[in-house]
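Reviewing the structure listed below.
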Amino acid sequence: MKKSLVALALLGAFASAAQAQSSVTIYGTLDAGVSKTTDKTTAIGKRDNNKLGFKGVEDLGSGLKALFQLEIRYEPDTGTVENNTRPLFQGQSRVGLQGDFGTVRIGRGLTAFQESSTAFEPWNGIGSPAGFQTDLAIAAYTSDPLGVASNSKNRFSNAVFYNTPVIGGFQLNATVASKEGISGGSAVVGKGTLLLPQYAAEAQAAAVPYSLSGTYNNGPIGAMLAYERNAVETKLWSVAASFKPVPELKVMGSYQRQDEDHTKATNTKTKAWVLGANYTMGPGKLLVGYGQKNPDGAAFKTKQASVGYEYSLSKRTYIYADLSNKKAPAVAPASESVNFYGLGMHHDF
Amino acid sequence: MKKSLVALALLGAFASAAQAQSSVTIYGTLDAGVSKTTDKTTAIGKRDNNKLGFKGVEDLGSGLKALFQLEIRYEPDTGTVENNTRPLFQGQSRVGLQGDFGTVRIGRGLTAFQESSTAFEPWNGIGSPAGFQTDLAIAAYTSDPLGVASNSKNRFSNAVFYNTPVIGGFQLNATVASKEGISGGSAVVGKGTLLLPQYAAEAQAAAVPYSLSGTYNNGPIGAMLAYERNAVETKLWSVAASFKPVPELKVMGSYQRQDEDHTKATNTKTKAWVLGANYTMGPGKLLVGYGQKNPDGAAFKTKQASVGYEYSLSKRTYIYADLSNKKAPAVAPASESVNFYGLGMHHDF
Amino acid sequence: MKKSLVALALLGAFASAAQAQSSVTIYGTLDAGVSKTTDKTTAIGKRDNNKLGFKGVEDLGSGLKALFQLEIRYEPDTGTVENNTRPLFQGQSRVGLQGDFGTVRIGRGLTAFQESSTAFEPWNGIGSPAGFQTDLAIAAYTSDPLGVASNSKNRFSNAVFYNTPVIGGFQLNATVASKEGISGGSAVVGKGTLLLPQYAAEAQAAAVPYSLSGTYNNGPIGAMLAYERNAVETKLWSVAASFKPVPELKVMGSYQRQDEDHTKATNTKTKAWVLGANYTMGPGKLLVGYGQKNPDGAAFKTKQASVGYEYSLSKRTYIYADLSNKKAPAVAPASESVNFYGLGMHHDF
């Protein structure tokens, strides 16, 4: 009895899968808790982004490796994908090669700037309202203005990602996206009108979007210099540094400036800065931060102060509490003060 | 050559994943078959709910454990998520701790009542038309009336789940949800009008939804007492019991009563009961059940009689046949009788 | 301290999962690259279909096996499910039994014809514009005309799949679908009008859709004969063969004919053929192909010529380059010539 095509296909599929099994690692994060925000009802939600990922490394010999990574993002309180609408693999979907030349990957993921910047934010880049990453640490900049409206704003789709090797503590990271229009992508009114926006829905980028970051990490010192230009030619530059005077303490700060002169006629600059510290005490970790954002022509600055505490139950699991106050310029001339309280559990798997 | 931030992040991600691998268990069910319902074409579909899940337990020492579970639900006949519209992790998305105090979890999952009740339903709670779980065993009650219309109706999103330890065969289970409005949630007309419904779309709950169940399980005897109040203050109580006179035979019954006086002016009560038995004969298992549902003021009762047979090919795989007759009050004064025939295969992995 | 129902359920769930772990194999493909098409901007995209799958085989004894397979398809450049709208398990969702009698599966997957035909297409059935599978190798035939518009057109949902054992190199494969209407399914105007289409949206099939293929595979010779009728009674037949004069070289060809006389009054036939070869040189593999499609009454034929090269970095990973020219009948009387250039990386895991 010989095997014909379909039989071989069937057998081959199952056989190759059995071999392949060792090459896939499943990982993730489930973070959920209770929170209370001024003028809102008590809510169940997340502090960190929630992930379920699949990844692997294949050794190709001669120091060359093939890498892949697929990362689902989801909302633990309702079971939906992140924001109920984002791509299945919102976290990332990338494949590439790693070798003496560095790492090259193709697909979708955080831009070089967005990825490098989280190390200088006192909440380590998580999306919690107590953290600074999604607003002050990036001066409210958007990496993907022509993407689907409900998607995350800190990633490039249709991109190539390159990281150099680390030499003397220095590393350069570059992300370049194609100018492709995005299916279901947003219009950007810019200097146009609602009827004739500067960038129509699903428009191509006028210029190639790219992101560059250089990082330095040597003993107690860390530093970053970054520049990014998005699909509507908004520019962002950022400088950041961190220092560990003792191993238990990390102090950090960043300054960033967004320039929207390609899509705005006036008040094109937004400046922001964040200062913070992490202090480790046995299984506990104290997080503190303060930051401001100052858009040109805005009557009020955004001001945020936060304090947090994490208590580790193991290397993979901790419980946490956050407390934050944010004053953001409201529509009315008075600025609005919002308190945020959070309490929950973070589990890596 | 030292590693800088991104390099460390890359390495760290792959390293921690390699460690994490052992902590994730993949499991699931694929159940598909052929069915025929009166006045409908022969169809391919499911008998049980289909699952693909990821879960893990981490030992934190001192009897404390961290738990997580994420469960995809899907339709095997078309490959879509359950009902083509439900959340990716429709089954559940929960994280929590287990210890001497019991189990506490946060996220989305079956309510205490809905989870406890399946043990007293002769089809063990599966969603088949031959089973009683989704209609008679819960008196047509809805745990999530303000959720997205196409979602399942037996879960709480945005909830905290608590199970006590089992003491002398007794266990108490409680689920409490936040009053948060659900994005895309349904309006409930209730005592209002279509233009001004009692609960608008995406409305917050007026009172905290909760679910309580107490269970007893000792040798051949099982029992449950449960009470639940949903986001529009509809109440449900249920009492159920099971008995095994011989190990091969389990007889069971439940009585439940729904009270909609918060959203209806008249005919607010719905009563229902289900009686059933499972009889195991070697690899075979016979299922029989009968139940009625009687809404106040309804001209006819819903009446359902079902018989099923499962034949195990292994501990994880069985084939099955179902036969069911249901008379449900139709729009017209006469009640309609619907026969259901199903034949298929159930595979756990 | 005894365990009651929920405790048992919890324990049972985690225990059975631990056992089940060995039964699930994760596998997939991540293929991404850069491409350029005449008159379009440089794009990041895929060459092959991208997969993340879960499957398993359970030995039931006596030569009987239970099989399941669930396959996610996705777009690596944006992280969405395939085409941003297709079912989560677009690849397949099937469960079944394998034994002396062959293989029977239920669910959704490639039809017998579509699955068998890929072995006779020089790009091995991948969806790249340089390949011939989705247009010429099937004479532009659609297996699922009443399905959701954005879904793939080479699968049956709601189907039973049967493959005989292979005897003397011969195998028969049959797929039969139910006539069920598809939720969100497409209308087919056919011989009707836009207002009164021959098949309304979500209509049932008038006749049972089925697909048959016979394959022969013996040493250097492969052959296929196939016939399929879809839900709107369009018929397709195809004959194909392959030959390996030396182990490094495979030459192949196919001829197929589509008959739409059930939904069209005139010009109901479409004929197509594809010739191709694969030549392996150490880690390299050269692909060449040429084909034509000739719909009755069309002023111009579709003509496509392609050449490709794959260079293996390992058994699981290769890099590739494609070059293709396609002349397709345009709306205007002149036919349009489109060049396609692709460059990328293919990684199986």
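All residue names refer to the structure tokens as shown: chains lettered A, B, ... in order, residues numbered from 1 in each chain, ligands numbered from 1 in order.
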
**Asked** Which chain C residues are at most 7 Å from chain A (counting only C-alpha atoms), as a PyMOL selection string?
**Response** chain C and resi 25-27+30+32-33+41-44+76-81+116+166-171+215-217+313-314+349

Atoms kept (N, CA and C atoms) for selection, written as an mmCIF file, in the first residue's frame:
```cif
data_model
loop_
_atom_site.group_PDB
_atom_site.id
_atom_site.type_symbol
_atom_site.label_atom_id
_atom_site.label_comp_id
_atom_site.auth_asym_id
_atom_site.auth_seq_id
_atom_site.Cartn_x
_atom_site.Cartn_y
_atom_site.Cartn_z
ATOM 1 N N THR C 25 -0.077 19.688 18.976
ATOM 2 C CA THR C 25 1.106 20.180 18.292
ATOM 3 C C THR C 25 0.802 21.560 17.733
ATOM 4 N N ILE C 26 1.691 22.494 18.013
ATOM 5 C CA ILE C 26 1.565 23.836 17.445
ATOM 6 C C ILE C 26 2.478 23.909 16.237
ATOM 7 N N TYR C 27 1.977 24.451 15.157
ATOM 8 C CA TYR C 27 2.805 24.555 13.960
ATOM 9 C C TYR C 27 2.401 25.825 13.222
ATOM 10 N N LEU C 30 5.460 31.645 8.962
ATOM 11 C CA LEU C 30 5.494 33.100 8.887
ATOM 12 C C LEU C 30 6.339 33.464 7.676
ATOM 13 N N ALA C 32 7.130 36.612 5.033
ATOM 14 C CA ALA C 32 6.956 38.041 4.776
ATOM 15 C C ALA C 32 8.081 38.534 3.887
ATOM 16 N N GLY C 33 7.787 39.584 3.123
ATOM 17 C CA GLY C 33 8.797 40.122 2.226
ATOM 18 C C GLY C 33 8.362 41.442 1.629
ATOM 19 N N THR C 41 2.729 51.130 -5.182
ATOM 20 C CA THR C 41 3.877 51.464 -4.348
ATOM 21 C C THR C 41 4.527 50.188 -3.835
ATOM 22 N N THR C 42 5.784 50.260 -3.495
ATOM 23 C CA THR C 42 6.489 49.135 -2.874
ATOM 24 C C THR C 42 5.733 48.723 -1.617
ATOM 25 N N ALA C 43 5.518 47.425 -1.454
ATOM 26 C CA ALA C 43 4.677 46.959 -0.361
ATOM 27 C C ALA C 43 5.369 45.866 0.436
ATOM 28 N N ILE C 44 4.997 45.781 1.735
ATOM 29 C CA ILE C 44 5.389 44.650 2.560
ATOM 30 C C ILE C 44 4.216 43.675 2.535
ATOM 31 N N PRO C 76 0.929 38.864 8.072
ATOM 32 C CA PRO C 76 2.055 39.260 8.927
ATOM 33 C C PRO C 76 2.380 40.741 8.856
ATOM 34 N N ASP C 77 1.981 41.422 7.784
ATOM 35 C CA ASP C 77 2.370 42.827 7.648
ATOM 36 C C ASP C 77 1.506 43.760 8.486
ATOM 37 N N THR C 78 0.310 43.301 8.853
ATOM 38 C CA THR C 78 -0.580 44.136 9.667
ATOM 39 C C THR C 78 -1.041 43.426 10.935
ATOM 40 N N GLY C 79 -0.785 42.129 11.046
ATOM 41 C CA GLY C 79 -1.154 41.405 12.253
ATOM 42 C C GLY C 79 -2.609 40.981 12.326
ATOM 43 N N THR C 80 -3.394 41.244 11.263
ATOM 44 C CA THR C 80 -4.806 40.867 11.284
ATOM 45 C C THR C 80 -4.996 39.416 10.862
ATOM 46 N N VAL C 81 -6.212 38.878 11.085
ATOM 47 C CA VAL C 81 -6.547 37.608 10.473
ATOM 48 C C VAL C 81 -6.525 37.797 8.956
ATOM 49 N N SER C 116 -6.079 18.619 -3.819
ATOM 50 C CA SER C 116 -5.259 17.759 -4.685
ATOM 51 C C SER C 116 -4.503 18.556 -5.734
ATOM 52 N N VAL C 166 -4.608 4.602 0.352
ATOM 53 C CA VAL C 166 -3.893 4.586 -0.913
ATOM 54 C C VAL C 166 -3.648 3.135 -1.298
ATOM 55 N N ILE C 167 -4.151 2.722 -2.464
ATOM 56 C CA ILE C 167 -4.010 1.331 -2.909
ATOM 57 C C ILE C 167 -3.368 1.340 -4.284
ATOM 58 N N GLY C 168 -2.178 0.774 -4.366
ATOM 59 C CA GLY C 168 -1.464 0.733 -5.648
ATOM 60 C C GLY C 168 -1.165 2.125 -6.181
ATOM 61 N N GLY C 169 -1.010 3.088 -5.279
ATOM 62 C CA GLY C 169 -0.716 4.446 -5.711
ATOM 63 C C GLY C 169 -1.957 5.287 -5.947
ATOM 64 N N PHE C 170 -3.138 4.646 -5.944
ATOM 65 C CA PHE C 170 -4.377 5.378 -6.203
ATOM 66 C C PHE C 170 -5.043 5.809 -4.900
ATOM 67 N N GLN C 171 -5.665 6.983 -4.929
ATOM 68 C CA GLN C 171 -6.466 7.435 -3.797
ATOM 69 C C GLN C 171 -7.651 8.238 -4.318
ATOM 70 N N THR C 215 -6.309 10.600 -7.282
ATOM 71 C CA THR C 215 -4.898 10.899 -7.488
ATOM 72 C C THR C 215 -4.118 9.603 -7.643
ATOM 73 N N TYR C 216 -3.035 9.680 -8.385
ATOM 74 C CA TYR C 216 -2.140 8.542 -8.581
ATOM 75 C C TYR C 216 -0.729 9.033 -8.353
ATOM 76 N N ASN C 217 0.016 8.311 -7.560
ATOM 77 C CA ASN C 217 1.378 8.723 -7.262
ATOM 78 C C ASN C 217 2.241 7.485 -7.130
ATOM 79 N N LEU C 313 17.883 28.004 3.957
ATOM 80 C CA LEU C 313 18.838 28.223 5.037
ATOM 81 C C LEU C 313 18.805 27.062 6.009
ATOM 82 N N SER C 314 17.711 26.284 5.948
ATOM 83 C CA SER C 314 17.554 25.079 6.773
ATOM 84 C C SER C 314 16.347 24.342 6.210
ATOM 85 N N PHE C 349 7.400 26.744 11.417
ATOM 86 C CA PHE C 349 7.679 26.425 12.816
ATOM 87 C C PHE C 349 6.698 25.377 13.311
#
```

**Request:** Write out as an NGL selection string the residues lying within 10 Å of region 227-231 of chain A, counting only C-alpha atoms and excluding same-chain residues fewer than 5 positions away.
**Result:** :A and (111-114 or 141-147 or 156 or 174-181 or 199 or 203-214 or 236-239 or 256-259)

Using C-alpha atoms, can you write the selected residues to a file as a JSON list (two decimals), in the first residue's frame?
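Result file follows (selection-v7.json):
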```
[["chain", "number", "residue", "atom", "x", "y", "z"],
["A", 111, "THR", "CA", 8.76, 51.39, 16.14],
["A", 112, "ALA", "CA", 12.41, 51.77, 17.14],
["A", 113, "PHE", "CA", 11.59, 54.90, 19.17],
["A", 114, "GLN", "CA", 8.51, 53.49, 20.87],
["A", 141, "TYR", "CA", 2.84, 61.56, 19.30],
["A", 142, "THR", "CA", 1.18, 59.01, 17.00],
["A", 143, "SER", "CA", 3.31, 56.56, 15.01],
["A", 144, "ASP", "CA", 0.42, 55.36, 12.81],
["A", 145, "PRO", "CA", -1.93, 58.31, 12.03],
["A", 146, "LEU", "CA", -3.29, 56.75, 8.81],
["A", 147, "GLY", "CA", -4.02, 53.36, 10.39],
["A", 156, "PHE", "CA", 4.30, 50.46, 12.20],
["A", 174, "ALA", "CA", 15.81, 51.56, 12.71],
["A", 175, "THR", "CA", 12.28, 50.92, 11.48],
["A", 176, "VAL", "CA", 11.16, 51.79, 7.96],
["A", 177, "ALA", "CA", 7.58, 51.33, 6.74],
["A", 178, "SER", "CA", 6.22, 51.19, 3.22],
["A", 179, "LYS", "CA", 3.97, 53.98, 2.00],
["A", 180, "GLU", "CA", 1.08, 51.51, 1.46],
["A", 181, "GLY", "CA", -2.42, 52.74, 2.24],
["A", 199, "TYR", "CA", -4.89, 62.75, 3.77],
["A", 203, "ALA", "CA", -4.42, 57.27, 1.63],
["A", 204, "GLN", "CA", -0.81, 56.36, 0.99],
["A", 205, "ALA", "CA", 1.88, 58.15, 2.96],
["A", 206, "ALA", "CA", 3.42, 61.06, 1.05],
["A", 207, "ALA", "CA", 6.84, 60.17, 2.45],
["A", 208, "VAL", "CA", 8.33, 56.96, 3.80],
["A", 209, "PRO", "CA", 7.69, 56.71, 7.57],
["A", 210, "TYR", "CA", 10.73, 55.80, 9.64],
["A", 211, "SER", "CA", 11.97, 55.64, 13.20],
["A", 212, "LEU", "CA", 15.51, 55.73, 14.55],
["A", 213, "SER", "CA", 16.84, 55.21, 18.04],
["A", 214, "GLY", "CA", 20.31, 54.99, 19.48],
["A", 236, "LEU", "CA", 9.22, 63.48, 17.04],
["A", 237, "TRP", "CA", 12.54, 63.62, 18.76],
["A", 238, "SER", "CA", 13.31, 62.42, 22.23],
["A", 239, "VAL", "CA", 16.26, 62.24, 24.59],
["A", 256, "GLN", "CA", 10.44, 64.83, 23.87],
["A", 257, "ARG", "CA", 9.19, 67.25, 21.27],
["A", 258, "GLN", "CA", 6.59, 66.69, 18.57],
["A", 259, "ASP", "CA", 6.47, 68.85, 15.45]]
```

**Asked** Skipping near chain neighbours, those fewer than 2 positions away, what residues fall within 10 Å of Thr268 (chain C) using only C-alpha atoms, listed as a count of residues only?
**Response** 14

**Message:** Can you pull out every residue from region 243-295 of chain B that DSSP, working from the backbone, puts in strand (DSSP E or B), and format the result as a ChimeraX atom specification?
**Reply:** /B:243-246,249-259,269-281,284-295

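CA of Trp273 (chain B) sits 11.0 Å away from CA of Phe120 (chain B).
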
Which residues are near Lys303 (chain B)? Cut-off 6 Å, only C-alpha atoms, ignore same chain within fewer than 2 positions. Put them as a short mmCIF file (atom, residue, chain, number, x, y, z; two decimals) with N, CA, C and O atoms, in the first residue's frame.
```
data_model
loop_
_atom_site.label_atom_id
_atom_site.label_comp_id
_atom_site.auth_asym_id
_atom_site.auth_seq_id
_atom_site.Cartn_x
_atom_site.Cartn_y
_atom_site.Cartn_z
N GLY B 291 -38.22 18.13 30.74
CA GLY B 291 -38.35 19.37 31.48
C GLY B 291 -39.48 20.24 30.95
O GLY B 291 -39.98 20.02 29.84
N GLN B 292 -39.89 21.18 31.80
CA GLN B 292 -40.93 22.14 31.42
C GLN B 292 -40.52 23.54 31.85
O GLN B 292 -39.83 23.72 32.84
N LYS B 326 -39.23 19.14 21.25
CA LYS B 326 -39.48 20.33 22.06
C LYS B 326 -40.74 21.02 21.55
O LYS B 326 -40.87 21.29 20.36
N LYS B 327 -41.65 21.29 22.46
CA LYS B 327 -42.84 22.08 22.14
C LYS B 327 -42.69 23.41 22.83
O LYS B 327 -42.66 23.51 24.05
#
```

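Proximity ranking of A:Leu343, A:Ala201, A:Met224, A:Ala149 relative to Tyr318 (chain A) places A:Leu343 first, based on only C-alpha atoms.
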